[in-house]
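Notes for the one structure printed next.
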There are 2 protein chains.
Amino acid sequence: MERVGFIGLGQMGKPMARNLLNAGYSLTVYNRSKPPMEELASHGAKMAGSPSEVGSNSDVVILSLPYPETVKQVVLGTGGVIEGIHPGGVVIDTSTTDPLTARELYEELRKRGVGFLDAPVSGGPEGAEAATLTFMVGGENKDLERCMPILRAMGRHVFHVGGPGAGQGVKLVNQILVAIHTLAAAEAMLFASSLGLDLGMVLEVIQRSAGDSFIFRRVAPQFIARKFGRGWQTYLIHKDLGLVLKTAERLKLPMLLSSLAHEKYGAAITRGLEKIDSAAVIKVLEQLAGLKDTTKTNG
Amino acid sequence: MERVGFIGLGQMGKPMARNLLNAGYSLTVYNRSKPPMEELASHGAKMAGSPSEVGSNSDVVILSLPYPETVKQVVLGTGGVIEGIHPGGVVIDTSTTDPLTARELYEELRKRGVGFLDAPVSGGPEGAEAATLTFMVGGENKDLERCMPILRAMGRHVFHVGGPGAGQGVKLVNQILVAIHTLAAAEAMLFASSLGLDLGMVLEVIQRSAGDSFIFRRVAPQFIARKFGRGWQTYLIHKDLGLVLKTAERLKLPMLLSSLAHEKYGAAITRGLEKIDSAAVIKVLEQLAGLKDTTKTNG
């Protein structure tokens, strides 16, 4: 069995790492702050002092980090994974970055004889807990075949979508849809509520109509209950849309809806909603419409 | 069994009327142009010379017309249904109009002792053919109970969503989502194709990810095949968004995504795509990006 390393024990990474321990993998972990490391150590994980130390203790190193810059620093920077991992190892990046960053990491690691898979996920914290994530994997076939049991311990579907960077490409396509569908659901539900419609009934009917979407089913109950929680946080969807726009600029593609959505999630962040679920973007629309925020609690 | 009348035998109305004949209803039909009337007459329908004549021959009159103005003219205008229908009759409007128009029709007909249900549908021409439509019904309970068997002969789900106008309200909510999801799918697939991703694989993965929607599954195969057909025509989605914006103006609601979508479907109409499926809006985005249209055939 491969020795596995895990770097980045946040809302996604911690439950993913936990599922690897449950599947019986020997696991070395690293995180900037200590508490999540200690929690996993109490379930049998080994704590490392740096990404490089994770590398030297592992055959396969998994990353779950928020930003492309963080990923590059942790893999290629001083004290990074690349300083510890031996040739023949593989790095799997489950973070959402962008195709260009993924290709750069692939090239740099290949020079040291280390494989690289970009393997971003869909499913959110709920999917990470339940090991039902969908992995969108870009990279070489031999690396994916080798790592397949590891990915299967954390998710339900593993798609090999193309060469290096393709996983990030498909993930950004997914994020375009997620971000716009959330904003569309907010606009539609605000319209419904201004018309005085029964919102529970609207949810019931839309689920059986052409307007149905995974996101509508997820966010409509949040609008109805006026409870947004901290599931799919606004700053992350805003960050992902930023990566979409950066990538699109390189492709010379105007992204009308994505740009508008990026701007509105940005407004939500300005309004203090960065760590609240992105469904709370409805508050930005309500403010634009001059409506009073009826939410009692923060978020 | 109620004597039923049907006015408006277009892409939706003709198959809906056909399903009523199949269910054994005695049917009187009227349409501006003759061929669809003659087709239904060959299956046992009686042809009328005016909406008023449909009214005098029917207990329940169903409408399937493109615009609110047409509906008002056909019901309340000279030679309209109101001149023929007897007190105790019911008018069911399956057209997509708007809540205000529906309430006006309800009030005018009530003065003559005639019931009114606004009962717009979701499901498109395919749903009309297969009798799997979803009806979103606003109006009085007693009228709906009486008409339930008639609606069930044309659809699978019948939701009583509220009083007069509520059916049109929920339908507009659905159309907001349909229109934006279609444009979002176009933007996402154009991004995917510019990145060189395998579009069939993208469809496969998104179906199992958070970006999934009824519309994405419907339109992604159209983008891949570059065949748009004449299913959910652009001029109708543009018209529905126009009704959304008109209604929202009355509610003093800004509709950011709906306005943008309305503008882009308008651009598609200018480009000659009015009778082509609304998925062809991707051509507007391609033109904005300076890409060449690779579609061989019209649409």
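Chains: A, B, ... in order of the structure tokens. Residues: from 1 per chain. Ligands: from 1, in order shown.
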Hey, could you make a per-residue contact list for chain B against chain A with 6 Å as the cut-off, showing the nearest pair of atoms and its distance in Å to one decimal, counting only C-alpha atoms, sorted by chain and number, as a Markdown table?
```
| residue | atom | partner | partner_atom | distance |
| --- | --- | --- | --- | --- |
| B:Ser122 | CA | A:Ser209 | CA | 5.7 |
| B:Val173 | CA | A:Ala188 | CA | 5.4 |
| B:Asn174 | CA | A:Gly211 | CA | 5.0 |
| B:Leu177 | CA | A:Gly211 | CA | 4.9 |
| B:Val178 | CA | A:Gly211 | CA | 4.9 |
| B:Ala188 | CA | A:Val173 | CA | 5.4 |
| B:Ser209 | CA | A:Ser122 | CA | 5.7 |
| B:Ala210 | CA | A:Phe214 | CA | 5.8 |
| B:Gly211 | CA | A:Val178 | CA | 4.9 |
| B:Asp212 | CA | A:Phe214 | CA | 5.6 |
| B:Ser213 | CA | A:Ser213 | CA | 3.9 |
| B:Phe214 | CA | A:Asp212 | CA | 5.6 |
| B:Leu253 | CA | A:Ala289 | CA | 5.4 |
| B:Ala289 | CA | A:Leu253 | CA | 5.4 |
```
Spatial neighbours of segment 35-40 of chain A, 12 Å, only C-alpha atoms, chain gap at least 3 places, as a PyMOL selection string: chain A and resi 6-22+26-32+43-49
Just-selected residues, N, CA, C and O atoms written as a compact mmCIF listing (two decimals), in the first residue's frame:
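Below is the file that was written, part.txt:
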```txt
# COMPACT_ATOMS: atom_id res chain seq x y z
N PHE A 6 -0.71 14.24 3.07
CA PHE A 6 -1.83 15.15 2.81
C PHE A 6 -1.47 16.54 3.34
O PHE A 6 -1.15 16.70 4.52
N ILE A 7 -1.57 17.53 2.47
CA ILE A 7 -1.25 18.91 2.86
C ILE A 7 -2.46 19.80 2.63
O ILE A 7 -2.99 19.86 1.51
N GLY A 8 -2.89 20.47 3.70
CA GLY A 8 -4.06 21.35 3.61
C GLY A 8 -5.28 20.67 4.20
O GLY A 8 -5.99 19.95 3.52
N LEU A 9 -5.50 20.90 5.52
CA LEU A 9 -6.56 20.17 6.22
C LEU A 9 -7.71 21.11 6.57
O LEU A 9 -8.10 21.26 7.71
N GLY A 10 -8.27 21.73 5.53
CA GLY A 10 -9.40 22.65 5.72
C GLY A 10 -10.73 21.92 5.65
O GLY A 10 -10.82 20.73 5.94
N GLN A 11 -11.75 22.69 5.23
CA GLN A 11 -13.12 22.17 5.15
C GLN A 11 -13.23 20.95 4.24
O GLN A 11 -14.06 20.09 4.45
N MET A 12 -12.39 20.92 3.21
CA MET A 12 -12.36 19.78 2.28
C MET A 12 -11.30 18.76 2.70
O MET A 12 -11.56 17.57 2.78
N GLY A 13 -10.09 19.26 2.93
CA GLY A 13 -8.94 18.38 3.14
C GLY A 13 -9.07 17.49 4.37
O GLY A 13 -8.71 16.30 4.33
N LYS A 14 -9.58 18.05 5.47
CA LYS A 14 -9.64 17.25 6.71
C LYS A 14 -10.52 16.01 6.55
O LYS A 14 -10.05 14.90 6.83
N PRO A 15 -11.77 16.15 6.09
CA PRO A 15 -12.57 14.93 5.91
C PRO A 15 -12.01 13.98 4.85
O PRO A 15 -12.13 12.76 4.98
N MET A 16 -11.37 14.53 3.81
CA MET A 16 -10.76 13.67 2.80
C MET A 16 -9.64 12.83 3.41
O MET A 16 -9.52 11.63 3.17
N ALA A 17 -8.78 13.50 4.21
CA ALA A 17 -7.68 12.80 4.87
C ALA A 17 -8.22 11.73 5.82
O ALA A 17 -7.71 10.60 5.91
N ARG A 18 -9.29 12.10 6.52
CA ARG A 18 -9.93 11.17 7.45
C ARG A 18 -10.40 9.91 6.73
O ARG A 18 -10.24 8.79 7.21
N ASN A 19 -10.97 10.08 5.53
CA ASN A 19 -11.43 8.93 4.75
C ASN A 19 -10.27 8.03 4.30
O ASN A 19 -10.44 6.82 4.17
N LEU A 20 -9.07 8.64 4.10
CA LEU A 20 -7.90 7.83 3.75
C LEU A 20 -7.46 7.00 4.95
O LEU A 20 -7.10 5.82 4.81
N LEU A 21 -7.50 7.61 6.13
CA LEU A 21 -7.18 6.85 7.36
C LEU A 21 -8.18 5.70 7.53
O LEU A 21 -7.80 4.56 7.82
N ASN A 22 -9.46 6.01 7.32
CA ASN A 22 -10.49 4.97 7.45
C ASN A 22 -10.25 3.81 6.48
O ASN A 22 -10.59 2.67 6.77
N SER A 26 -1.48 4.55 5.48
CA SER A 26 -0.54 5.20 6.38
C SER A 26 -0.39 6.64 5.90
O SER A 26 -0.06 6.89 4.74
N LEU A 27 -0.66 7.61 6.79
CA LEU A 27 -0.83 8.99 6.35
C LEU A 27 0.07 9.96 7.12
O LEU A 27 0.09 9.95 8.34
N THR A 28 0.80 10.80 6.36
CA THR A 28 1.55 11.90 6.97
C THR A 28 0.85 13.20 6.58
O THR A 28 0.55 13.40 5.40
N VAL A 29 0.61 14.07 7.58
CA VAL A 29 -0.17 15.27 7.28
C VAL A 29 0.59 16.54 7.63
O VAL A 29 1.46 16.55 8.49
N TYR A 30 0.23 17.63 6.90
CA TYR A 30 0.77 18.94 7.23
C TYR A 30 -0.31 19.99 6.99
O TYR A 30 -1.06 19.93 6.02
N ASN A 31 -0.35 20.94 7.93
CA ASN A 31 -1.27 22.07 7.81
C ASN A 31 -0.62 23.26 8.49
O ASN A 31 0.15 23.11 9.43
N ARG A 32 -0.93 24.47 8.00
CA ARG A 32 -0.32 25.67 8.57
C ARG A 32 -0.66 25.81 10.05
O ARG A 32 0.19 26.04 10.88
N HIS A 43 -6.24 10.08 15.28
CA HIS A 43 -6.78 8.93 14.54
C HIS A 43 -5.70 8.15 13.81
O HIS A 43 -5.99 7.36 12.92
N GLY A 44 -4.42 8.43 14.13
CA GLY A 44 -3.34 7.60 13.60
C GLY A 44 -2.45 8.25 12.57
O GLY A 44 -1.49 7.63 12.09
N ALA A 45 -2.72 9.51 12.17
CA ALA A 45 -1.86 10.17 11.19
C ALA A 45 -0.56 10.62 11.85
O ALA A 45 -0.51 10.86 13.06
N LYS A 46 0.50 10.74 11.03
CA LYS A 46 1.79 11.24 11.50
C LYS A 46 1.87 12.73 11.14
O LYS A 46 1.54 13.10 10.03
N MET A 47 2.30 13.59 12.08
CA MET A 47 2.39 15.02 11.78
C MET A 47 3.76 15.36 11.23
O MET A 47 4.77 14.89 11.73
N ALA A 48 3.79 16.17 10.16
CA ALA A 48 5.07 16.62 9.59
C ALA A 48 5.28 18.09 9.92
O ALA A 48 4.33 18.82 10.21
N GLY A 49 6.57 18.53 9.85
CA GLY A 49 6.89 19.92 10.17
C GLY A 49 6.92 20.82 8.95
O GLY A 49 6.99 22.05 9.08
```
DSSP-assigned strand (DSSP E or B) among segment 48-234 of chain B, expressed as a count of residues only: 30
Backbone DSSP call of helix (DSSP H, G or I) for segment 54-160 of chain B, listed as number ranges by chain: B: 54-56, 68-76, 81-84, 99-110, 124-130, 141-152
Env of Arg230 of chain B: 6 Å cut, atoms = only C-alpha atoms, seq-sep filter 2 positions within chain, self excluded. Answer as a CSV table (one decimal) with all heavy atoms, in the first residue's frame.
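Okay, selection.csv is ready:
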```csv
chain,number,residue,atom,x,y,z
B,233,GLN,N,-38.1,27.8,-29.2
B,233,GLN,CA,-37.7,28.8,-30.2
B,233,GLN,C,-37.3,30.1,-29.4
B,233,GLN,O,-37.9,30.5,-28.4
B,233,GLN,CB,-38.8,29.1,-31.2
B,233,GLN,CG,-39.0,27.8,-32.0
B,233,GLN,CD,-40.0,28.0,-33.1
B,233,GLN,OE1,-40.6,29.0,-33.3
B,233,GLN,NE2,-40.2,26.9,-33.9
B,276,ILE,N,-35.3,29.5,-34.4
B,276,ILE,CA,-34.3,28.4,-34.1
B,276,ILE,C,-34.3,28.2,-32.6
B,276,ILE,O,-34.6,29.1,-31.8
B,276,ILE,CB,-32.9,28.7,-34.6
B,276,ILE,CG1,-32.9,29.1,-36.1
B,276,ILE,CG2,-31.9,27.6,-34.3
B,276,ILE,CD1,-33.3,28.0,-37.0
B,277,ASP,N,-34.0,27.0,-32.1
B,277,ASP,CA,-34.0,26.7,-30.7
B,277,ASP,C,-33.1,27.7,-30.0
B,277,ASP,O,-32.0,28.1,-30.5
B,277,ASP,CB,-33.4,25.3,-30.4
B,277,ASP,CG,-33.6,24.8,-29.0
B,277,ASP,OD1,-32.9,25.3,-28.1
B,277,ASP,OD2,-34.5,24.0,-28.8
```
Residues near Val60 of chain B, cut-off 7 Å, only C-alpha atoms, skip fewer than 2 positions along chain, as a ChimeraX atom specification: /B:2-5,58,62,89-91
Nearby residues (only C-alpha atoms) at most 9 Å from Leu100 of chain A, same-chain spacing under 2 positions excluded, as a PyMOL selection string: chain A and resi 97-98+102-105+165+168+247
With N, CA, C and O atoms retained, export the selected residues as a PDB file, in the first residue's frame.
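That gives us part27.pdb:
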```pdb
ATOM      1  N   THR A  97      -7.353  25.237  -9.160  1.00  0.00           N
ATOM      2  CA  THR A  97      -6.430  26.288  -9.599  1.00  0.00           C
ATOM      3  C   THR A  97      -6.855  26.692 -11.015  1.00  0.00           C
ATOM      4  O   THR A  97      -7.970  27.172 -11.199  1.00  0.00           O
ATOM      5  N   ASP A  98      -6.002  26.460 -11.991  1.00  0.00           N
ATOM      6  CA  ASP A  98      -6.370  26.747 -13.379  1.00  0.00           C
ATOM      7  C   ASP A  98      -5.482  25.886 -14.273  1.00  0.00           C
ATOM      8  O   ASP A  98      -4.465  25.365 -13.816  1.00  0.00           O
ATOM      9  N   ALA A 102      -1.636  24.135 -13.467  1.00  0.00           N
ATOM     10  CA  ALA A 102      -1.508  22.672 -13.434  1.00  0.00           C
ATOM     11  C   ALA A 102      -0.429  22.204 -14.402  1.00  0.00           C
ATOM     12  O   ALA A 102       0.413  21.357 -14.059  1.00  0.00           O
ATOM     13  N   ARG A 103      -0.386  22.792 -15.598  1.00  0.00           N
ATOM     14  CA  ARG A 103       0.622  22.364 -16.582  1.00  0.00           C
ATOM     15  C   ARG A 103       2.020  22.732 -16.115  1.00  0.00           C
ATOM     16  O   ARG A 103       2.976  21.966 -16.304  1.00  0.00           O
ATOM     17  N   GLU A 104       2.156  23.872 -15.471  1.00  0.00           N
ATOM     18  CA  GLU A 104       3.460  24.301 -14.950  1.00  0.00           C
ATOM     19  C   GLU A 104       3.961  23.331 -13.872  1.00  0.00           C
ATOM     20  O   GLU A 104       5.127  22.922 -13.875  1.00  0.00           O
ATOM     21  N   LEU A 105       3.051  22.950 -12.970  1.00  0.00           N
ATOM     22  CA  LEU A 105       3.427  22.004 -11.906  1.00  0.00           C
ATOM     23  C   LEU A 105       3.811  20.651 -12.502  1.00  0.00           C
ATOM     24  O   LEU A 105       4.790  20.019 -12.090  1.00  0.00           O
ATOM     25  N   GLY A 165      -3.749  19.582 -16.821  1.00  0.00           N
ATOM     26  CA  GLY A 165      -4.516  20.822 -16.889  1.00  0.00           C
ATOM     27  C   GLY A 165      -5.983  20.616 -17.234  1.00  0.00           C
ATOM     28  O   GLY A 165      -6.813  21.487 -16.931  1.00  0.00           O
ATOM     29  N   GLN A 168      -8.421  20.746 -14.253  1.00  0.00           N
ATOM     30  CA  GLN A 168      -8.732  22.125 -13.829  1.00  0.00           C
ATOM     31  C   GLN A 168      -9.679  22.797 -14.815  1.00  0.00           C
ATOM     32  O   GLN A 168     -10.555  23.574 -14.420  1.00  0.00           O
ATOM     33  N   THR A 247      -8.296  32.965 -16.939  1.00  0.00           N
ATOM     34  CA  THR A 247      -8.092  31.982 -18.010  1.00  0.00           C
ATOM     35  C   THR A 247      -8.764  32.449 -19.303  1.00  0.00           C
ATOM     36  O   THR A 247      -8.201  32.329 -20.392  1.00  0.00           O
TER      37      THR A 247
END
```
